[in-house]
$ cat my_file14.csv   # CSV, C-alpha atoms
chain,number,residue,atom,x,y,z
K,1,MET,CA,-83.2,-52.4,-69.4
K,2,ARG,CA,-80.1,-52.4,-71.7
K,3,TRP,CA,-77.9,-53.8,-68.9
K,4,ALA,CA,-80.5,-56.5,-68.1
K,5,LEU,CA,-80.4,-57.7,-71.7
K,6,VAL,CA,-76.6,-57.8,-71.7
K,7,LEU,CA,-76.6,-59.8,-68.4
K,8,ALA,CA,-79.1,-62.3,-69.9
K,9,LEU,CA,-77.0,-62.8,-73.0
K,10,LEU,CA,-74.0,-63.5,-70.8
K,11,LEU,CA,-75.8,-66.0,-68.7
K,12,VAL,CA,-77.0,-67.9,-71.8
K,13,SER,CA,-73.5,-67.9,-73.3
K,14,CYS,CA,-71.9,-69.3,-70.1
K,15,GLY,CA,-74.1,-72.4,-70.2
K,16,PRO,CA,-74.9,-74.7,-67.3
K,17,GLY,CA,-72.4,-74.7,-64.4
K,18,SER,CA,-70.8,-71.4,-65.4
K,19,SER,CA,-71.2,-67.8,-64.4
K,20,PRO,CA,-70.1,-64.5,-65.9
K,21,SER,CA,-67.6,-64.0,-63.1
K,22,THR,CA,-65.8,-67.4,-63.7
K,23,PRO,CA,-64.0,-67.5,-67.1
K,24,SER,CA,-64.4,-70.7,-69.2
K,25,ALA,CA,-61.4,-73.1,-69.5
K,26,SER,CA,-60.4,-71.5,-72.9
K,27,ALA,CA,-60.5,-67.9,-71.8
K,28,GLY,CA,-58.1,-65.6,-69.9
K,29,ALA,CA,-54.4,-65.7,-69.2
K,30,SER,CA,-54.6,-68.4,-66.6
K,31,ALA,CA,-56.2,-70.8,-69.1
K,32,ALA,CA,-53.1,-70.5,-71.3
K,33,LEU,CA,-51.2,-72.5,-68.7
K,34,GLY,CA,-50.5,-76.1,-69.5
K,35,PRO,CA,-50.0,-78.8,-66.9
K,36,ASP,CA,-47.1,-78.5,-64.4
K,37,ILE,CA,-43.7,-79.9,-65.3
K,38,VAL,CA,-42.7,-82.2,-62.5
K,39,ILE,CA,-38.9,-82.4,-61.8
K,40,GLY,CA,-37.5,-84.7,-59.2
K,41,SER,CA,-34.4,-84.2,-57.0
K,42,PRO,CA,-33.0,-86.3,-54.2
K,43,MET,CA,-30.9,-84.0,-52.0
K,44,SER,CA,-28.7,-84.2,-49.0
K,45,LEU,CA,-31.0,-82.3,-46.6
K,46,THR,CA,-29.6,-84.2,-43.6
K,47,GLY,CA,-26.4,-86.2,-43.1
K,48,SER,CA,-22.7,-85.4,-43.6
K,49,THR,CA,-23.1,-83.1,-46.6
K,50,SER,CA,-26.3,-81.4,-45.6
K,51,LYS,CA,-24.7,-77.9,-45.5
K,52,GLU,CA,-23.7,-78.3,-49.2
K,53,GLY,CA,-27.0,-79.9,-50.0
K,54,GLY,CA,-28.8,-76.9,-48.5
K,55,TYR,CA,-26.9,-74.6,-50.8
K,56,ALA,CA,-27.7,-76.8,-53.8
K,57,LYS,CA,-31.4,-76.7,-52.9
K,58,GLN,CA,-31.3,-72.9,-52.6
K,59,GLY,CA,-29.9,-72.8,-56.2
K,60,TYR,CA,-32.9,-74.9,-57.4
K,61,GLU,CA,-35.4,-72.8,-55.4
K,62,LEU,CA,-34.0,-69.5,-56.7
K,63,TRP,CA,-34.6,-70.6,-60.3
K,64,LEU,CA,-38.0,-72.1,-59.4
K,65,ASP,CA,-39.1,-68.8,-58.0
K,66,TRP,CA,-37.9,-66.9,-61.1
K,67,ILE,CA,-39.3,-69.2,-63.7
K,68,ASN,CA,-42.7,-69.5,-62.0
K,69,ASN,CA,-43.3,-66.1,-60.5
K,70,THR,CA,-41.3,-63.8,-62.9
K,71,GLN,CA,-41.6,-65.7,-66.2
K,72,GLY,CA,-44.9,-67.4,-65.5
K,73,GLY,CA,-43.5,-70.8,-66.4
K,74,ILE,CA,-41.5,-72.5,-69.1
K,75,VAL,CA,-42.8,-71.9,-72.6
K,76,VAL,CA,-43.3,-75.3,-74.2
K,77,ALA,CA,-44.6,-75.3,-77.8
K,78,GLY,CA,-46.2,-71.9,-77.2
K,79,VAL,CA,-47.8,-72.8,-73.9
K,80,LYS,CA,-46.5,-71.7,-70.5
K,81,ARG,CA,-46.2,-74.5,-68.0
K,82,LYS,CA,-45.2,-73.9,-64.4
K,83,VAL,CA,-42.7,-76.1,-62.7
K,84,LYS,CA,-42.8,-78.2,-59.5
K,85,ILE,CA,-39.6,-79.6,-58.0
K,86,THR,CA,-40.2,-82.6,-55.7
K,87,PHE,CA,-37.4,-83.1,-53.2
K,88,GLU,CA,-36.6,-86.2,-51.3
K,89,ASP,CA,-34.0,-86.3,-48.5
K,90,ASP,CA,-31.3,-88.9,-49.4
K,91,GLN,CA,-29.5,-88.3,-46.0
K,92,SER,CA,-26.2,-87.9,-47.9
K,93,LYS,CA,-26.3,-91.7,-48.6
K,94,PRO,CA,-25.7,-92.8,-52.2
K,95,ASP,CA,-27.7,-96.0,-52.0
K,96,LEU,CA,-30.7,-94.2,-50.6
K,97,SER,CA,-30.4,-91.5,-53.2
K,98,ALA,CA,-30.7,-94.1,-55.9
K,99,GLN,CA,-33.8,-95.6,-54.3
K,100,LEU,CA,-35.4,-92.1,-54.0
K,101,THR,CA,-34.6,-91.3,-57.6
K,102,GLN,CA,-36.6,-94.4,-58.7
K,103,LYS,CA,-39.4,-93.4,-56.3
K,104,LEU,CA,-39.5,-89.9,-57.8
K,105,ILE,CA,-39.9,-91.4,-61.3
K,106,SER,CA,-42.2,-94.3,-60.5
K,107,GLU,CA,-44.4,-93.0,-57.7
K,108,GLU,CA,-44.2,-89.2,-57.8
K,109,GLY,CA,-44.5,-88.5,-61.5
K,110,ALA,CA,-41.1,-86.9,-62.1
K,111,GLN,CA,-40.7,-86.3,-65.8
K,112,LEU,CA,-37.1,-85.0,-65.6
K,113,LEU,CA,-34.4,-85.0,-62.9
K,114,LEU,CA,-32.1,-82.6,-61.2
K,115,GLY,CA,-29.1,-84.2,-59.5
K,116,PRO,CA,-28.3,-84.6,-55.8
K,117,TYR,CA,-25.3,-83.2,-53.9
K,118,GLY,CA,-22.0,-85.0,-54.2
K,119,SER,CA,-20.3,-87.3,-56.7
K,120,ALA,CA,-21.2,-90.6,-55.0
K,121,PRO,CA,-24.9,-89.9,-54.9
K,122,THR,CA,-24.8,-88.6,-58.4
K,123,ALA,CA,-23.1,-91.7,-59.6
K,124,SER,CA,-25.8,-93.8,-58.0
K,125,ASP,CA,-28.6,-91.7,-59.4
K,126,ALA,CA,-27.1,-91.7,-62.8
K,127,VAL,CA,-27.7,-95.5,-63.0
K,128,ILE,CA,-31.4,-95.0,-62.3
K,129,ALA,CA,-31.8,-92.1,-64.7
K,130,GLU,CA,-30.2,-94.1,-67.5
K,131,LYS,CA,-32.2,-97.2,-66.8
K,132,ASN,CA,-35.4,-95.2,-67.0
K,133,ALA,CA,-34.2,-93.1,-69.9
K,134,ILE,CA,-35.0,-89.9,-68.0
K,135,PRO,CA,-32.6,-86.9,-68.4
K,136,MET,CA,-30.8,-85.9,-65.3
K,137,VAL,CA,-29.0,-82.6,-65.3
K,138,GLU,CA,-26.6,-82.4,-62.3
K,139,ALA,CA,-24.6,-79.7,-60.8
K,140,ASN,CA,-22.8,-81.2,-57.8
K,141,GLY,CA,-21.1,-84.4,-59.0
K,142,ALA,CA,-17.7,-83.5,-60.5
K,143,ALA,CA,-16.1,-86.9,-60.5
K,144,GLN,CA,-15.2,-87.8,-64.1
K,145,ALA,CA,-16.0,-91.4,-63.2
K,146,ILE,CA,-19.7,-90.5,-63.5
K,147,PHE,CA,-19.2,-89.8,-67.2
K,148,SER,CA,-17.1,-92.9,-68.0
K,149,LYS,CA,-20.0,-95.3,-68.2
K,150,GLY,CA,-21.4,-94.4,-71.7
K,151,TYR,CA,-24.5,-92.8,-70.3
K,152,LYS,CA,-26.7,-90.9,-72.7
K,153,PHE,CA,-29.2,-89.3,-70.2
K,154,VAL,CA,-26.8,-87.7,-67.7
K,155,PHE,CA,-25.4,-84.2,-68.0
K,156,GLY,CA,-23.2,-82.2,-65.6
K,157,VAL,CA,-22.9,-78.4,-65.8
K,158,LEU,CA,-19.9,-78.0,-63.6
K,159,SER,CA,-16.2,-78.2,-64.4
K,160,PRO,CA,-14.8,-81.7,-63.7
K,161,ALA,CA,-13.0,-82.7,-60.6
K,162,ASN,CA,-9.5,-82.6,-62.1
K,163,LYS,CA,-9.8,-78.8,-62.4
K,164,TYR,CA,-10.5,-78.1,-58.7
K,165,LEU,CA,-7.0,-77.5,-57.4
K,166,THR,CA,-4.9,-77.3,-60.6
K,167,GLY,CA,-5.8,-73.6,-60.8
K,168,VAL,CA,-4.2,-73.2,-57.3
K,169,VAL,CA,-1.1,-74.8,-58.7
K,170,ASP,CA,-1.1,-72.3,-61.6
K,171,LEU,CA,-1.5,-69.5,-59.1
K,172,ALA,CA,1.4,-70.8,-57.0
K,173,ALA,CA,3.7,-70.9,-60.0
K,174,THR,CA,3.3,-67.1,-60.2
K,175,LEU,CA,4.1,-66.3,-56.6
K,176,THR,CA,7.3,-65.0,-55.1
K,177,PRO,CA,9.1,-66.8,-53.5
K,178,LYS,CA,7.6,-69.7,-55.4
K,179,PRO,CA,6.5,-72.6,-53.1
K,180,THR,CA,7.8,-75.9,-54.4
K,181,ARG,CA,7.1,-78.7,-51.8
K,182,VAL,CA,3.5,-80.0,-51.9
K,183,ALA,CA,1.7,-82.1,-49.3
K,184,MET,CA,-1.6,-83.6,-50.7
K,185,LEU,CA,-4.2,-85.0,-48.3
K,186,SER,CA,-7.5,-86.4,-49.6
K,187,ALA,CA,-10.7,-88.0,-48.5
K,188,ASP,CA,-11.2,-91.5,-50.0
K,189,ASP,CA,-14.4,-90.7,-52.0
K,190,SER,CA,-14.2,-90.7,-55.8
K,191,PHE,CA,-14.4,-87.0,-56.2
K,192,SER,CA,-11.7,-86.2,-53.7
K,193,LEU,CA,-9.4,-88.9,-55.1
K,194,GLU,CA,-9.7,-87.5,-58.6
K,195,VAL,CA,-8.9,-84.0,-57.4
K,196,ALA,CA,-5.8,-85.3,-55.6
K,197,LYS,CA,-4.6,-87.4,-58.5
K,198,ALA,CA,-4.9,-84.4,-60.8
K,199,VAL,CA,-2.7,-82.3,-58.5
K,200,GLU,CA,-0.2,-85.2,-58.2
K,201,ASP,CA,0.0,-85.5,-62.0
K,202,TYR,CA,0.0,-81.8,-62.9
K,203,ALA,CA,2.1,-80.2,-60.1
K,204,PRO,CA,5.4,-81.8,-61.2
K,205,THR,CA,5.0,-80.6,-64.7
K,206,GLN,CA,5.0,-77.0,-63.3
K,207,GLY,CA,8.1,-77.4,-61.2
K,208,PHE,CA,6.5,-78.7,-57.9
K,209,GLN,CA,7.5,-81.7,-55.8
K,210,ILE,CA,5.0,-83.9,-54.1
K,211,VAL,CA,6.6,-84.6,-50.7
K,212,PHE,CA,3.6,-86.2,-49.0
K,213,SER,CA,0.4,-87.8,-50.2
K,214,GLN,CA,-2.1,-89.7,-48.1
K,215,LYS,CA,-5.9,-90.3,-48.0
K,216,TYR,CA,-8.2,-90.6,-45.0
K,217,PRO,CA,-11.8,-92.0,-44.6
K,218,ASN,CA,-14.5,-89.8,-46.1
K,219,GLY,CA,-16.2,-87.7,-43.4
K,220,SER,CA,-13.3,-87.7,-41.0
K,221,THR,CA,-13.4,-84.9,-38.4
K,222,ASP,CA,-10.1,-85.7,-36.6
K,223,LEU,CA,-7.2,-85.3,-38.9
K,224,SER,CA,-4.5,-84.5,-36.4
K,225,ALA,CA,-2.4,-87.6,-36.9
K,226,LEU,CA,-2.4,-87.2,-40.7
K,227,VAL,CA,-1.6,-83.5,-40.5
K,228,ALA,CA,1.3,-84.3,-38.1
K,229,GLN,CA,2.7,-86.7,-40.7
K,230,ALA,CA,2.3,-84.0,-43.4
K,231,LYS,CA,4.1,-81.4,-41.2
K,232,ALA,CA,7.1,-83.7,-40.8
K,233,ALA,CA,7.6,-83.5,-44.6
K,234,SER,CA,8.1,-79.7,-44.4
K,235,PRO,CA,5.7,-78.7,-47.2
K,236,ASP,CA,5.5,-75.2,-48.6
K,237,MET,CA,1.9,-75.9,-49.8
K,238,LEU,CA,-0.6,-78.0,-47.9
K,239,LEU,CA,-3.6,-79.1,-50.1
K,240,ASN,CA,-6.7,-80.9,-49.0
K,241,SER,CA,-9.3,-82.6,-51.2
K,242,GLY,CA,-12.5,-83.2,-49.3
K,243,HIS,CA,-15.7,-81.5,-48.3
K,244,LEU,CA,-16.8,-78.8,-45.8
K,245,ALA,CA,-16.6,-80.7,-42.6
K,246,GLU,CA,-13.2,-82.2,-43.5
K,247,ALA,CA,-11.9,-78.8,-44.5
K,248,ILE,CA,-12.9,-77.3,-41.2
K,249,ALA,CA,-11.3,-80.2,-39.4
K,250,MET,CA,-8.1,-79.9,-41.5
K,251,ASN,CA,-7.7,-76.2,-40.7
K,252,LYS,CA,-8.2,-76.8,-37.0
K,253,ALA,CA,-5.5,-79.5,-37.0
K,254,VAL,CA,-3.2,-77.2,-39.0
K,255,LYS,CA,-3.6,-74.5,-36.3
K,256,ASP,CA,-3.3,-76.9,-33.3
K,257,LEU,CA,-0.1,-78.4,-34.7
K,258,ARG,CA,1.3,-75.1,-35.8
K,259,VAL,CA,1.8,-76.1,-39.4
K,260,ASN,CA,3.4,-73.0,-41.0
K,261,ALA,CA,3.2,-73.7,-44.7
K,262,ALA,CA,3.3,-70.7,-47.1
K,263,LEU,CA,0.0,-71.7,-48.8
K,264,PHE,CA,-3.0,-73.7,-47.7
K,265,ALA,CA,-5.7,-74.7,-50.2
K,266,TYR,CA,-8.8,-76.9,-49.9
K,267,SER,CA,-11.0,-78.2,-52.7
K,268,VAL,CA,-14.4,-77.8,-51.1
K,269,GLY,CA,-15.4,-75.8,-48.0
K,270,PRO,CA,-13.6,-72.5,-48.0
K,271,GLY,CA,-16.0,-71.0,-50.5
K,272,THR,CA,-19.0,-71.4,-48.2
K,273,PRO,CA,-20.0,-68.9,-45.5
K,274,ASP,CA,-19.9,-71.8,-43.0
K,275,PHE,CA,-16.2,-72.1,-43.3
K,276,VAL,CA,-15.6,-68.5,-42.2
K,277,GLN,CA,-18.3,-68.7,-39.5
K,278,SER,CA,-16.9,-71.9,-38.0
K,279,LEU,CA,-13.2,-70.8,-38.0
K,280,GLY,CA,-13.4,-67.0,-37.7
K,281,LYS,CA,-10.0,-65.3,-38.3
K,282,ASP,CA,-8.4,-68.7,-38.6
K,283,ALA,CA,-10.0,-69.0,-42.0
K,284,ASN,CA,-8.0,-66.1,-43.4
K,285,PHE,CA,-5.4,-66.8,-46.1
K,286,VAL,CA,-6.9,-70.1,-47.2
K,287,PHE,CA,-7.3,-70.6,-50.9
K,288,SER,CA,-9.8,-72.7,-52.8
K,289,GLY,CA,-10.8,-73.6,-56.3
K,290,SER,CA,-14.2,-72.3,-57.2
K,291,GLN,CA,-16.7,-73.1,-59.9
K,292,TRP,CA,-18.1,-69.6,-59.8
K,293,THR,CA,-17.7,-66.3,-57.9
K,294,PRO,CA,-19.5,-63.0,-58.1
K,295,GLN,CA,-16.5,-61.6,-59.8
K,296,VAL,CA,-16.8,-63.7,-63.0
K,297,LYS,CA,-17.6,-61.7,-66.1
K,298,TYR,CA,-19.9,-63.8,-68.3
K,299,GLU,CA,-22.4,-62.2,-70.6
K,300,PRO,CA,-25.5,-64.3,-70.2
K,301,ALA,CA,-27.8,-65.1,-73.2
K,302,PHE,CA,-30.8,-65.3,-70.9
K,303,PHE,CA,-31.8,-65.3,-67.2
K,304,LEU,CA,-30.1,-62.9,-64.8
K,305,SER,CA,-26.7,-61.1,-65.0
K,306,VAL,CA,-24.1,-62.0,-62.3
K,307,SER,CA,-24.9,-58.9,-60.3
K,308,ASP,CA,-28.7,-59.4,-60.5
K,309,TYR,CA,-28.3,-63.0,-59.5
K,310,VAL,CA,-26.3,-62.1,-56.4
K,311,ALA,CA,-28.9,-59.4,-55.5
K,312,LYS,CA,-31.8,-61.9,-56.0
K,313,TYR,CA,-30.1,-64.5,-53.8
K,314,LYS,CA,-29.5,-62.0,-51.0
K,315,LYS,CA,-33.1,-60.8,-51.1
K,316,MET,CA,-34.8,-64.2,-51.5
K,317,PHE,CA,-32.8,-65.8,-48.6
K,318,ALA,CA,-32.5,-62.7,-46.4
K,319,THR,CA,-28.7,-62.8,-46.1
K,320,ASN,CA,-25.8,-60.5,-46.6
K,321,ASP,CA,-23.6,-63.4,-47.8
K,322,ASP,CA,-22.8,-63.9,-51.5
K,323,PRO,CA,-24.1,-67.2,-52.9
K,324,ALA,CA,-21.7,-70.1,-52.6
K,325,TYR,CA,-20.7,-71.7,-55.9
K,326,GLN,CA,-22.9,-74.7,-55.0
K,327,VAL,CA,-25.9,-72.3,-55.2
K,328,ALA,CA,-24.9,-70.9,-58.6
K,329,GLU,CA,-24.0,-74.2,-60.2
K,330,SER,CA,-27.4,-75.7,-59.1
K,331,THR,CA,-29.2,-72.8,-60.7
K,332,ALA,CA,-27.2,-73.4,-63.8
K,333,ALA,CA,-28.5,-77.0,-64.0
K,334,CYS,CA,-32.0,-75.7,-63.9
K,335,LEU,CA,-31.2,-73.3,-66.7
K,336,ALA,CA,-29.8,-76.1,-68.9
K,337,LEU,CA,-32.9,-78.1,-68.3
K,338,GLN,CA,-35.1,-75.1,-69.1
K,339,LYS,CA,-33.4,-74.3,-72.3
K,340,ALA,CA,-33.5,-77.9,-73.4
K,341,ILE,CA,-37.3,-78.1,-72.8
K,342,GLU,CA,-37.8,-74.8,-74.7
K,343,THR,CA,-35.7,-76.0,-77.6
K,344,ALA,CA,-37.4,-79.4,-77.7
K,345,GLY,CA,-40.8,-77.9,-77.5
K,346,THR,CA,-41.9,-80.8,-75.3
K,347,THR,CA,-41.1,-82.6,-72.0
K,348,ASP,CA,-40.7,-85.9,-73.9
K,349,PRO,CA,-37.6,-87.3,-72.2
K,350,GLY,CA,-35.9,-88.4,-75.4
K,351,LYS,CA,-36.3,-85.1,-77.1
K,352,VAL,CA,-35.2,-83.2,-74.0
K,353,ARG,CA,-32.1,-85.4,-73.9
K,354,ASP,CA,-31.3,-84.6,-77.5
K,355,ALA,CA,-31.7,-80.9,-76.9
K,356,LEU,CA,-29.3,-81.2,-73.9
K,357,ALA,CA,-26.8,-83.0,-76.0
K,358,SER,CA,-26.7,-80.1,-78.5
K,359,LEU,CA,-26.9,-77.3,-75.9
K,360,ASP,CA,-24.4,-74.5,-76.2
K,361,VAL,CA,-25.3,-71.3,-74.3
K,362,THR,CA,-23.6,-68.9,-71.9
K,363,THR,CA,-25.3,-68.1,-68.6
K,364,PHE,CA,-24.3,-66.1,-65.5
K,365,PHE,CA,-22.5,-69.3,-64.4
K,366,GLY,CA,-20.5,-69.6,-67.6
K,367,ARG,CA,-20.7,-71.7,-70.7
K,368,LEU,CA,-23.1,-74.7,-70.7
K,369,LYS,CA,-22.0,-77.2,-73.3
K,370,PHE,CA,-21.5,-81.0,-72.9
K,371,ASP,CA,-19.0,-83.2,-74.5
K,372,SER,CA,-20.0,-86.7,-75.9
K,373,ARG,CA,-19.9,-88.1,-72.3
K,374,GLY,CA,-22.2,-85.4,-70.9
K,375,ALA,CA,-19.5,-83.5,-69.0
K,376,ASN,CA,-19.0,-79.8,-69.2
K,377,ILE,CA,-15.3,-79.4,-70.0
K,378,TYR,CA,-15.7,-75.9,-71.5
K,379,LYS,CA,-16.1,-73.7,-68.4
K,380,PRO,CA,-13.0,-72.7,-66.4
K,381,MET,CA,-12.7,-72.5,-62.7
K,382,VAL,CA,-11.3,-69.6,-60.6
K,383,VAL,CA,-9.3,-69.4,-57.4
K,384,GLU,CA,-10.6,-67.7,-54.2
K,385,GLN,CA,-8.9,-66.6,-51.1
K,386,ILE,CA,-10.4,-65.6,-47.7
K,387,GLN,CA,-9.0,-62.2,-46.7
K,388,ASN,CA,-10.2,-60.4,-43.5
K,389,GLY,CA,-13.2,-62.8,-43.3
K,390,GLN,CA,-14.3,-62.1,-46.9
K,391,HIS,CA,-14.1,-64.2,-50.1
K,392,HIS,CA,-12.1,-62.7,-52.9
K,393,THR,CA,-11.3,-63.9,-56.4
K,394,VAL,CA,-7.5,-63.9,-56.8
K,395,PHE,CA,-6.9,-65.9,-60.0
K,396,PRO,CA,-6.8,-65.7,-63.0
K,397,PRO,CA,-5.9,-62.0,-63.2
K,398,ASP,CA,-8.6,-61.1,-65.6
K,399,VAL,CA,-11.4,-61.8,-63.1
K,400,ALA,CA,-9.4,-61.1,-59.8
K,401,ASP,CA,-10.8,-58.4,-57.6
K,402,VAL,CA,-7.7,-58.4,-55.3
K,403,LYS,CA,-4.2,-59.8,-55.3
K,404,ALA,CA,-3.4,-63.0,-53.4
K,405,GLN,CA,-2.1,-62.5,-49.9
K,406,PHE,CA,1.1,-64.6,-49.8
K,407,PRO,CA,2.9,-66.1,-48.0
K,408,THR,CA,0.6,-67.1,-45.2
K,409,PRO,CA,1.9,-65.6,-41.9
K,410,SER,CA,3.0,-68.1,-39.3
K,411,TRP,CA,0.4,-68.9,-36.6
K,412,ASP,CA,2.3,-66.9,-33.9
K,413,GLN,CA,2.2,-63.8,-36.1
K,414,ARG,CA,-1.5,-63.7,-36.9

$ encode --input "my_file14.csv" --output "C-alpha cells"
Amino acid sequence: MRWALVLALLLVSCGPGSSPSTPSASAGASAALGPDIVIGSPMSLTGSTSKEGGYAKQGYELWLDWINNTQGGIVVAGVKRKVKITFEDDQSKPDLSAQLTQKLISEEGAQLLLGPYGSAPTASDAVIAEKNAIPMVEANGAAQAIFSKGYKFVFGVLSPANKYLTGVVDLAATLTPKPTRVAMLSADDSFSLEVAKAVEDYAPTQGFQIVFSQKYPNGSTDLSALVAQAKAASPDMLLNSGHLAEAIAMNKAVKDLRVNAALFAYSVGPGTPDFVQSLGKDANFVFSGSQWTPQVKYEPAFFLSVSDYVAKYKKMFATNDDPAYQVAESTAACLALQKAIETAGTTDPGKVRDALASLDVTTFFGRLKFDSRGANIYKPMVVEQIQNGQHHTVFPPDVADVKAQFPTPSWDQR
C-alpha cells in the first residue's frame, strides 16, 4: 500500500506526457548539457594533399573524441556543451575551400572554424572567415603571407614557414666536416617559396653558400631534370621545400641520378609514415624540420601529456606509428579554440576572437600565443632524421633522442 502511494505521487508530479522513468528536461546529468557547438572545417580529403589532410583530420578527431567522450563537452558559462565538427572535402583546391567555408557558415550552422590543410587553402578561407567575422584557428597554413592582411579573426598555432628549414641550417653548422654548398629547390606555392627564401637569406649569415636555387610547379612528381641541374652544382646539402608527394619524387630522383650530397633535408614529407613506407631504406638519413615530435618536453597546462597523446593516438587509430606533426598541430588548434571558448564563457564569435587574441597557454604541442597578426612566433621547431626506418629527433640537443647520422653515405655504399 505504501509503494502504491509513492507511485501515485510520482505520476502526479510528472504531469501529462511524462513518466517516472523519463526525467524532465531540468533533471539529471544529461539535462545539464547545452546545445552542441558546431565547428566547420574544409579539408583536403581528396586531391594532391589528401595524405596530409588525412593527418590533420585525425588531429581534429582525436580532440573531438577527448572533449566529448572524456570531458563530456566544453564548459561554457558553467554548462557543458558537446562539439560537432562538420567537414567538407575541398579536394586540395583553394578556391573550392573558400566556397565550402562560406557554405559551412551560411548553410551548415558553423559557429566557429578550424582551418584546412595547406597555406593556399588557408589563405582563401581566411578571407571568408574575416568577411563573416567568424574566428578561424588554423594549424596547417604556415605561410606568413596569410598574416600580412590585417585580419582580426584568423589565428595560426604553428610556427611560421620561415622556421621550417633554418633549424637544419643551424644543425649543419655544428657538423664535422661542415657542409658549405647548398642547393635549394622549391615548389612554387606561397608556403614553399617562403621556406626557400628563409634559407637563402639565413644560410649565408651562418657561413653557407647558395650554389643552386630553382623552383618547380607545385605538385610535380618528375623532378629529374631539376635534380640533374642541382647535381651539376656539386652541393654538400640538397634542400627541398615542398610537400609529401614532391619530397618522395625528389628522393627518387636523387637516387636515380646518384646525387651524393652529405646532407638531404626536405621541408614537408619525411615526418610522415608515408615517406618511409613509400621509399623504404632509401628514406634513411633524410632530415626534416618538424613542428612537433614525441621527444619534445613541454609541460601542458591542460589536456594530455606528450606521452599520453601518443598513446591515445595509437589506440584510437589502431597503429604503431607515432603521430605525424600534422596530427599534433591540428589537435593544438582545437585546444586553442576550446580554451578561448571557456575563457569567453560563450560561443559569441567576437568574444571568442578576443579570447584567442589574449591566449597564452602551454600544451603538449608547445606554447600557444599569437602576435598582433594572429601568428604563433613563440613556439620553436625541431629537426628530425630518419634512421633505420624510424623517425628520431636530432636537434636541438636538449630534445634530441639520438645524434644525427652524418655524412650521408653515397648510394653505392648503402

$ residues_around --input "my_file14.csv" --residues "Ser290 of chain K" --least-positions-apart "2" --cutoff "9 Å" --atoms "all atoms listed in the file" --output "list in words"
Tyr164, Leu165, Ser267, Val268, Gly271, Ser288, Trp292, Thr293, Tyr325, Met381, Val382, Val383, Glu384 and Thr393 of chain K

$ closest_residue --input "my_file14.csv" --among "K:Ala247, K:Leu356, K:Ala173, K:Ile134" --to "Thr205 of chain K" --atoms "all atoms listed in the file"
K:Ala173

$ closest_residue --input "my_file14.csv" --among "K:Pro179, K:Gly156, K:Gly53, K:Gly289" --to "His392 of chain K" --atoms "all atoms listed in the file"
K:Gly289

$ atom_distance --input "my_file14.csv" --atom1 "atom CA of Glu200 of chain K" --atom2 "atom CA of Ala265 of chain K"
14.3 Å

$ residues_around --input "my_file14.csv" --residues "segment 220-230 of chain K" --least-positions-apart "3" --cutoff "9 Å" --atoms "only C-alpha atoms" --output "PDB file with C-alpha atoms, in the frame of the given file"
ATOM      1  CA  ALA K 183       1.700 -82.100 -49.300  1.00  0.00           C
ATOM      2  CA  MET K 184      -1.600 -83.600 -50.700  1.00  0.00           C
ATOM      3  CA  LEU K 185      -4.200 -85.000 -48.300  1.00  0.00           C
ATOM      4  CA  ALA K 187     -10.700 -88.000 -48.500  1.00  0.00           C
ATOM      5  CA  VAL K 211       6.600 -84.600 -50.700  1.00  0.00           C
ATOM      6  CA  PHE K 212       3.600 -86.200 -49.000  1.00  0.00           C
ATOM      7  CA  SER K 213       0.400 -87.800 -50.200  1.00  0.00           C
ATOM      8  CA  GLN K 214      -2.100 -89.700 -48.100  1.00  0.00           C
ATOM      9  CA  LYS K 215      -5.900 -90.300 -48.000  1.00  0.00           C
ATOM     10  CA  TYR K 216      -8.200 -90.600 -45.000  1.00  0.00           C
ATOM     11  CA  PRO K 217     -11.800 -92.000 -44.600  1.00  0.00           C
ATOM     12  CA  ALA K 233       7.600 -83.500 -44.600  1.00  0.00           C
ATOM     13  CA  SER K 234       8.100 -79.700 -44.400  1.00  0.00           C
ATOM     14  CA  PRO K 235       5.700 -78.700 -47.200  1.00  0.00           C
ATOM     15  CA  LEU K 238      -0.600 -78.000 -47.900  1.00  0.00           C
ATOM     16  CA  ALA K 245     -16.600 -80.700 -42.600  1.00  0.00           C
ATOM     17  CA  GLU K 246     -13.200 -82.200 -43.500  1.00  0.00           C
ATOM     18  CA  ALA K 247     -11.900 -78.800 -44.500  1.00  0.00           C
ATOM     19  CA  ILE K 248     -12.900 -77.300 -41.200  1.00  0.00           C
ATOM     20  CA  ALA K 249     -11.300 -80.200 -39.400  1.00  0.00           C
ATOM     21  CA  MET K 250      -8.100 -79.900 -41.500  1.00  0.00           C
ATOM     22  CA  LYS K 252      -8.200 -76.800 -37.000  1.00  0.00           C
ATOM     23  CA  ALA K 253      -5.500 -79.500 -37.000  1.00  0.00           C
ATOM     24  CA  VAL K 254      -3.200 -77.200 -39.000  1.00  0.00           C
ATOM     25  CA  ASP K 256      -3.300 -76.900 -33.300  1.00  0.00           C
ATOM     26  CA  LEU K 257      -0.100 -78.400 -34.700  1.00  0.00           C
ATOM     27  CA  VAL K 259       1.800 -76.100 -39.400  1.00  0.00           C
TER      28      VAL K 259
END

$ atom_distance --input "my_file14.csv" --atom1 "atom CA of Asn240 of chain K" --atom2 "atom CA of Ile210 of chain K"
13.1 Å

$ closest_atom_pairs --input "my_file14.csv" --of "segment 163-199 of chain K" --to "segment 108-122 of chain K" --cutoff "8 Å" --atoms "only C-alpha atoms" --output "CSV"
residue,atom,partner,partner_atom,distance
K:Asp189,CA,K:Ala120,CA,7.4
K:Ser190,CA,K:Ser119,CA,7.0
K:Phe191,CA,K:Ser119,CA,5.9

$ closest_residue --input "my_file14.csv" --among "K:Ala261, K:Ile377, K:Leu64, K:Ala332" --to "Lys163 of chain K" --atoms "all atoms listed in the file"
K:Ile377

$ closest_atom_pairs --input "my_file14.csv" --of "segment 172-232 of chain K" --to "segment 397-404 of chain K" --cutoff "12 Å" --atoms "all atoms listed in the file" --output "tab-separated table"
residue	atom	partner	partner_atom	distance
K:Ala172	CA	K:Ala404	CA	9.8
K:Thr174	CA	K:Ala404	CA	10.4
K:Leu175	CA	K:Ala404	CA	8.8
K:Thr176	CA	K:Ala404	CA	11.0

$ atom_distance --input "my_file14.csv" --atom1 "atom CA of Thr272 of chain K" --atom2 "atom CA of Ala123 of chain K"
23.6 Å

$ closest_residue --input "my_file14.csv" --among "K:Ala357, K:Ala203, K:Val169, K:Met43" --to "Glu88 of chain K" --atoms "only C-alpha atoms"
K:Met43
